[in-house]
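Enquirer: Please find start-v9.txt (compact mmCIF, C-alpha atoms) on the next line:
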```txt
# COMPACT_ATOMS: atom_id res chain seq x y z
CA MET N 1 -2.62 -36.66 62.55
CA GLU N 2 -2.98 -38.74 59.39
CA ASP N 3 -6.64 -37.83 59.23
CA LYS N 4 -5.79 -34.09 59.37
CA ARG N 5 -3.38 -34.42 56.44
CA ARG N 6 -6.02 -36.22 54.39
CA ARG N 7 -8.56 -33.53 55.12
CA ALA N 8 -6.02 -30.84 54.23
CA ARG N 9 -5.31 -32.44 50.87
CA VAL N 10 -8.97 -32.87 50.09
CA GLN N 11 -9.71 -29.31 51.15
CA GLY N 12 -6.88 -28.00 48.99
CA ALA N 13 -8.33 -29.74 45.95
CA TRP N 14 -12.06 -29.44 46.50
CA ALA N 15 -12.43 -26.73 49.13
CA GLY N 16 -14.76 -28.98 51.12
CA PRO N 17 -14.62 -31.73 53.74
CA ALA N 18 -13.81 -35.26 52.69
CA ARG N 19 -16.68 -37.69 52.34
CA SER N 20 -16.75 -41.36 52.91
CA GLN N 21 -16.92 -43.63 49.87
CA ALA N 22 -20.53 -44.40 50.71
CA THR N 23 -21.59 -40.76 50.46
CA ALA N 24 -19.28 -39.60 47.69
CA GLN N 25 -21.32 -41.11 44.80
CA PRO N 26 -22.52 -38.51 42.31
CA ALA N 27 -26.20 -37.84 41.93
CA PRO N 28 -27.87 -39.78 39.06
CA ALA N 29 -28.61 -36.68 37.02
CA ALA N 30 -25.09 -35.37 37.40
CA GLN N 31 -23.66 -38.80 36.56
CA SER N 32 -25.66 -39.01 33.36
CA ARG N 33 -24.30 -35.65 32.23
CA LEU N 34 -20.74 -36.78 32.84
CA HIS N 35 -21.15 -39.57 30.26
CA GLN N 36 -22.62 -37.32 27.56
CA ARG N 37 -20.53 -36.48 24.52
CA PRO N 38 -19.41 -32.86 24.11
CA GLY N 39 -22.25 -30.87 22.62
CA GLN N 40 -24.91 -33.47 23.48
CA THR N 41 -26.41 -31.26 26.17
CA TRP N 42 -26.86 -28.49 23.59
CA MET N 43 -28.43 -30.95 21.17
CA ASN N 44 -30.98 -32.04 23.77
CA LYS N 45 -32.34 -28.52 23.87
CA GLU N 46 -35.05 -27.42 21.49
CA HIS N 47 -33.31 -26.09 18.37
CA HIS N 48 -34.78 -24.43 15.31
CA PRO N 49 -32.53 -24.69 12.25
CA SER N 50 -31.95 -21.45 10.37
CA ASP N 51 -31.37 -20.73 6.70
CA ARG N 52 -28.40 -18.52 7.62
CA ARG N 53 -25.08 -20.25 7.20
CA PHE N 54 -21.59 -19.17 8.07
CA VAL N 55 -19.40 -18.88 5.01
CA PHE N 56 -15.72 -18.18 5.41
CA ARG N 57 -14.13 -15.93 2.85
CA GLU N 58 -10.48 -15.13 2.56
CA PRO N 59 -9.80 -11.42 3.23
CA GLN N 60 -9.24 -9.54 0.01
CA GLU N 61 -6.17 -7.43 -0.45
CA VAL N 62 -6.93 -3.81 -1.32
CA VAL N 63 -5.51 -3.16 -4.78
CA ARG N 64 -4.70 0.46 -5.53
CA ARG N 65 -4.89 1.42 -9.18
CA ALA N 66 -3.85 4.58 -10.96
CA PRO N 67 -6.81 6.50 -12.40
CA GLU N 68 -7.36 6.45 -16.14
CA PRO N 69 -6.00 9.58 -17.85
CA ARG N 70 -8.56 12.14 -18.94
CA VAL N 71 -8.38 12.82 -22.67
CA ILE N 72 -9.11 16.34 -23.94
CA ASP N 73 -9.20 16.53 -27.73
CA LYS N 74 -12.10 18.86 -28.53
CA GLU N 75 -12.17 22.63 -28.58
CA GLY N 76 -13.41 24.07 -25.31
CA VAL N 77 -12.72 25.17 -21.75
CA TYR N 78 -11.98 22.45 -19.17
CA GLU N 79 -11.56 22.61 -15.41
CA ILE N 80 -9.15 19.80 -14.57
CA SER N 81 -8.92 20.19 -10.78
CA LEU N 82 -10.05 22.18 -7.76
CA SER N 83 -7.83 22.55 -4.71
CA PRO N 84 -7.12 25.08 -1.95
CA THR N 85 -4.73 26.68 -4.44
CA GLY N 86 -7.61 27.38 -6.81
CA VAL N 87 -9.15 26.10 -10.03
CA SER N 88 -6.85 24.62 -12.67
CA ARG N 89 -8.21 25.29 -16.14
CA VAL N 90 -7.12 24.64 -19.73
CA ARG N 91 -8.53 26.00 -23.00
CA LEU N 92 -7.95 24.07 -26.22
CA TYR N 93 -8.12 25.64 -29.70
CA PRO N 94 -7.30 23.05 -32.40
CA GLY N 95 -6.54 24.63 -35.77
CA PHE N 96 -5.93 28.06 -34.27
CA VAL N 97 -3.51 28.55 -37.16
CA ASP N 98 -4.69 26.91 -40.40
CA LEU N 99 -2.48 24.26 -41.96
CA LYS N 100 -1.11 26.29 -44.87
CA GLU N 101 -0.15 29.21 -42.66
CA ALA N 102 1.23 26.85 -40.00
CA ASP N 103 3.55 25.27 -42.59
CA CYS N 104 4.93 28.70 -43.52
CA VAL N 105 5.32 29.73 -39.86
CA LEU N 106 7.23 26.55 -39.00
CA GLU N 107 9.66 26.95 -41.90
CA GLN N 108 10.25 30.62 -41.19
CA LEU N 109 10.79 30.13 -37.45
CA CYS N 110 13.22 27.27 -38.00
CA ARG N 111 15.28 29.44 -40.37
CA GLU N 112 15.17 32.86 -38.72
CA VAL N 113 14.84 32.49 -34.95
CA PRO N 114 18.28 32.63 -33.20
CA TRP N 115 18.07 29.12 -31.76
CA LYS N 116 20.67 28.12 -29.22
CA GLN N 117 21.49 24.93 -27.32
CA ARG N 118 22.06 25.94 -23.72
CA THR N 119 23.95 24.32 -20.87
CA GLY N 120 21.86 23.15 -17.93
CA ILE N 121 22.84 22.18 -14.39
CA ARG N 122 21.38 19.20 -12.58
CA GLU N 123 22.71 18.06 -9.20
CA ASN N 124 25.77 20.26 -9.78
CA VAL N 125 26.53 18.48 -13.07
CA THR N 126 26.41 20.48 -16.33
CA TYR N 127 24.80 19.03 -19.45
CA GLN N 128 23.68 20.17 -22.90
CA GLN N 129 19.93 20.65 -23.07
CA PRO N 130 18.44 18.21 -25.60
CA ARG N 131 16.57 20.93 -27.50
CA LEU N 132 17.10 24.42 -28.90
CA THR N 133 15.59 27.52 -27.28
CA ALA N 134 15.15 31.26 -27.85
CA TRP N 135 13.86 33.94 -25.47
CA TYR N 136 11.92 37.14 -26.24
CA GLY N 137 11.04 39.68 -23.58
CA GLU N 138 12.02 42.94 -21.89
CA LEU N 139 13.29 41.15 -18.78
CA PRO N 140 15.67 38.21 -18.23
CA TYR N 141 14.20 34.78 -17.51
CA THR N 142 15.74 32.24 -15.14
CA TYR N 143 14.70 28.62 -14.82
CA SER N 144 16.60 25.48 -13.77
CA ARG N 145 19.59 27.70 -12.90
CA ILE N 146 19.72 28.99 -16.49
CA THR N 147 19.32 32.72 -17.13
CA MET N 148 18.25 34.04 -20.52
CA GLU N 149 19.16 37.64 -21.18
CA PRO N 150 16.51 40.22 -22.19
CA ASN N 151 15.67 40.24 -25.89
CA PRO N 152 13.17 42.94 -26.88
CA HIS N 153 13.69 42.35 -30.63
CA TRP N 154 10.66 40.23 -31.44
CA HIS N 155 10.53 38.54 -34.81
CA PRO N 156 7.64 39.99 -36.89
CA VAL N 157 5.97 36.58 -37.25
CA LEU N 158 6.03 36.12 -33.45
CA LEU N 159 4.50 39.57 -32.90
CA THR N 160 1.70 38.70 -35.33
CA LEU N 161 0.96 35.42 -33.55
CA LYS N 162 1.09 37.14 -30.17
CA SER N 163 -1.50 39.69 -31.31
CA GLN N 164 -3.79 36.96 -32.65
CA ILE N 165 -3.65 35.09 -29.34
CA GLU N 166 -4.37 38.22 -27.33
CA GLU N 167 -7.37 39.11 -29.51
CA ASN N 168 -8.88 35.63 -29.15
CA THR N 169 -8.20 35.02 -25.45
CA GLY N 170 -8.52 38.44 -23.84
CA HIS N 171 -5.12 38.05 -22.17
CA THR N 172 -2.06 40.19 -22.82
CA PHE N 173 1.44 38.70 -22.90
CA ASN N 174 4.90 40.18 -22.49
CA SER N 175 7.40 37.34 -22.94
CA LEU N 176 7.97 34.26 -25.06
CA LEU N 177 10.08 31.10 -24.78
CA CYS N 178 10.52 29.23 -28.06
CA ASN N 179 11.48 25.54 -28.03
CA LEU N 180 12.63 23.57 -31.05
CA TYR N 181 12.54 19.76 -30.80
CA ARG N 182 14.62 18.64 -33.77
CA ASN N 183 13.60 14.97 -33.58
CA GLU N 184 12.16 12.37 -31.20
CA LYS N 185 15.37 12.44 -29.12
CA ASP N 186 14.91 16.04 -27.99
CA SER N 187 13.02 16.57 -24.74
CA VAL N 188 12.48 18.62 -21.60
CA ASP N 189 12.15 17.46 -17.98
CA TRP N 190 8.88 17.33 -16.03
CA HIS N 191 8.32 20.87 -14.85
CA SER N 192 5.91 23.64 -13.88
CA ASP N 193 6.20 27.24 -15.00
CA ASP N 194 6.03 28.48 -11.43
CA GLU N 195 9.16 30.60 -11.16
CA PRO N 196 8.65 33.60 -8.84
CA SER N 197 9.42 35.99 -11.71
CA LEU N 198 6.23 34.84 -13.48
CA GLY N 199 4.03 35.88 -10.56
CA ARG N 200 1.20 34.00 -8.87
CA CYS N 201 -0.98 31.83 -11.15
CA PRO N 202 0.59 32.85 -14.48
CA VAL N 203 -1.34 32.30 -17.69
CA ILE N 204 0.64 30.26 -20.23
CA ALA N 205 -0.27 30.15 -23.93
CA SER N 206 1.36 27.28 -25.82
CA LEU N 207 1.23 27.32 -29.63
CA SER N 208 2.51 24.20 -31.42
CA PHE N 209 3.81 23.68 -34.95
CA GLY N 210 5.04 20.53 -36.63
CA ALA N 211 4.69 16.90 -35.61
CA THR N 212 1.57 16.02 -33.62
CA ARG N 213 2.33 15.02 -30.06
CA ILE N 214 0.35 13.92 -26.99
CA PHE N 215 0.80 16.53 -24.28
CA GLU N 216 0.41 14.75 -20.93
CA MET N 217 -0.05 16.60 -17.64
CA ARG N 218 0.19 15.06 -14.18
CA LYS N 219 -1.16 16.46 -10.93
CA LYS N 220 1.31 17.07 -8.14
CA PRO N 221 0.83 14.49 -5.35
CA PRO N 222 -0.31 15.45 -1.83
CA PRO N 223 2.33 15.54 0.93
CA GLU N 224 1.43 12.10 2.28
CA GLU N 225 2.52 10.51 -1.03
CA ASN N 226 6.12 11.67 -0.44
CA GLY N 227 6.64 12.72 -4.04
CA ASP N 228 5.21 9.51 -5.54
CA TYR N 229 3.40 10.26 -8.84
CA THR N 230 2.15 6.68 -9.39
CA TYR N 231 -1.49 7.31 -8.49
CA VAL N 232 -1.97 10.95 -9.44
CA GLU N 233 -4.51 12.29 -11.92
CA ARG N 234 -3.35 12.73 -15.51
CA VAL N 235 -4.63 14.59 -18.54
CA LYS N 236 -3.71 13.84 -22.17
CA ILE N 237 -4.09 16.49 -24.87
CA PRO N 238 -3.12 15.92 -28.53
CA LEU N 239 -1.33 18.99 -29.88
CA ASP N 240 -1.70 19.10 -33.63
CA HIS N 241 0.01 21.40 -36.10
CA GLY N 242 -1.27 24.93 -35.35
CA THR N 243 -3.02 24.08 -32.03
CA LEU N 244 -3.24 26.62 -29.21
CA LEU N 245 -3.41 25.51 -25.57
CA ILE N 246 -4.05 27.99 -22.72
CA MET N 247 -3.19 26.98 -19.14
CA GLU N 248 -4.51 29.26 -16.43
CA GLY N 249 -5.62 29.46 -12.80
CA ALA N 250 -3.74 27.13 -10.46
CA THR N 251 -2.47 24.91 -13.28
CA GLN N 252 1.21 25.77 -12.74
CA ALA N 253 0.90 25.41 -8.95
CA ASP N 254 -0.88 22.05 -9.02
CA TRP N 255 0.22 20.34 -12.25
CA GLN N 256 3.37 19.44 -14.18
CA ALA N 257 3.97 19.32 -17.92
CA PRO N 258 5.63 16.31 -19.57
CA PRO N 259 9.29 15.51 -20.22
CA VAL N 260 8.45 15.58 -23.93
CA PRO N 261 5.14 15.28 -25.78
CA ALA N 262 4.76 11.64 -26.82
CA PRO N 263 4.59 10.93 -30.57
CA LEU N 264 1.51 9.47 -32.16
CA SER N 265 1.73 6.00 -33.68
CA GLN N 266 1.81 7.48 -37.20
CA PRO N 267 2.96 10.89 -38.49
CA PRO N 268 -0.23 12.87 -39.08
CA ARG N 269 0.81 14.46 -42.32
CA GLU N 270 3.55 14.63 -44.93
CA GLY N 271 6.17 17.32 -45.04
CA PRO N 272 9.14 18.49 -43.01
CA GLU N 273 7.38 17.89 -39.70
CA ALA N 274 6.65 14.22 -40.43
CA PHE N 275 10.00 13.00 -38.99
CA GLY N 276 9.30 14.63 -35.63
CA ARG N 277 10.44 18.25 -35.82
CA ARG N 278 8.32 20.41 -33.59
CA ALA N 279 8.45 24.09 -32.62
CA GLY N 280 6.61 25.32 -29.56
CA MET N 281 5.87 28.87 -28.43
CA LYS N 282 5.27 29.37 -24.74
CA ILE N 283 3.96 32.88 -24.11
CA VAL N 284 3.57 34.27 -20.59
CA ARG N 285 0.98 36.83 -19.53
CA GLU N 286 2.32 40.09 -18.18
```
Could the structure of this file be written out as structure tokens, please?

Expert:
Amino acid sequence: MEDKRRRARVQGAWAGPARSQATAQPAPAAQSRLHQRPGQTWMNKEHHPSDRRFVFREPQEVVRRAPEPRVIDKEGVYEISLSPTGVSRVRLYPGFVDLKEADCVLEQLCREVPWKQRTGIRENVTYQQPRLTAWYGELPYTYSRITMEPNPHWHPVLLTLKSQIEENTGHTFNSLLCNLYRNEKDSVDWHSDDEPSLGRCPVIASLSFGATRIFEMRKKPPPEENGDYTYVERVKIPLDHGTLLIMEGATQADWQAPPVPAPLSQPPREGPEAFGRRAGMKIVRE
């Protein structure tokens, strides 16, 4: 009975019959391997060293950087993006109005245009817009929950400028929004001129007078960015006294204009515009 238990235990551990002490000695070759250090068997094999060595490197974190803004400061036509919406294109005409005439236009517009500070609504809270505006056109214009009534009585200077723009660009225009930034504190929110009343892919002509500013545009982010503008493309365009900028194609669908054109480090010239006063004409194609 005792012998059966012993065999059972040995079988449970080794799955084989028990051997007597005289026959249970390991073979010489097997015994020599038992006394070898770990890895010694591998070292006994023929080994050819290689020049290749394993080098451990810490994994590098992927750093995402915003692209450098594209600067457009020379006269010409520039395609700034291509998307399913279409081609976004800008045309820059520095010195469209010469300096002497631009000085006269700025002074006359500041005196004679019926500027008005309007009340805006943001998140159901009313506020005074930090700029003065005037609207010219046969139809009313609504943006940011503000409606401007029709005003067909164009100032003669504005009609002259409108005709000059149409002759040089080949576009015709039927409405005009004037903006007067009295100093560096006046501004406008990031926006696109994409109101349904302007139609699909409107052409916008922007004519600037007064203090030179950097006009920065930013591309609207794709849906996966969830409205984050950190890594979008940007374009910077200096708008000097008398400069004309045309925005066409999908520009209003795919891009936004700045809260306010940023001032240069130094006023570009002497005169009434040196402290920051700036008048902008934004004309819309019919």

Enquirer: Which one is closest to Val63 (chain N): N:Leu109, N:Tyr231, N:Val188, N:Tyr93? Count only C-alpha atoms.

Expert: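 Closest to Val63 (chain N) of all the choices is N:Tyr231.
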
Enquirer: Which one is closest to Leu158 (chain N): N:Gln108, N:Gln128, N:Gln117, N:Thr172? Count all atoms listed in the file.

Expert: N:Gln108

Enquirer: Which residue out of N:Thr230, N:Ile204, N:Asp240, N:Pro152 has the minimum interatomic distance to Pro67 (chain N) when only C-alpha atoms are used?

Expert: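 Comparing N:Thr230, N:Ile204, N:Asp240, N:Pro152 against Pro67 (chain N), the winner is N:Thr230.
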
Enquirer: Could you check which of N:Ala250, N:Val157, N:Leu132, N:Ile72 is closest to Leu92 (chain N), using all atoms listed in the file?

Expert: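 Using all atoms listed in the file, Leu92 (chain N) sits closest to N:Ile72.
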
Enquirer: I need the residue nearest Leu244 (chain N) from this list: N:Val87, N:Val105, N:Leu159, N:Leu207. Use all atoms listed in the file for the distance.

Expert: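 Ranked by minimum distance to Leu244 (chain N), first place goes to N:Leu207.
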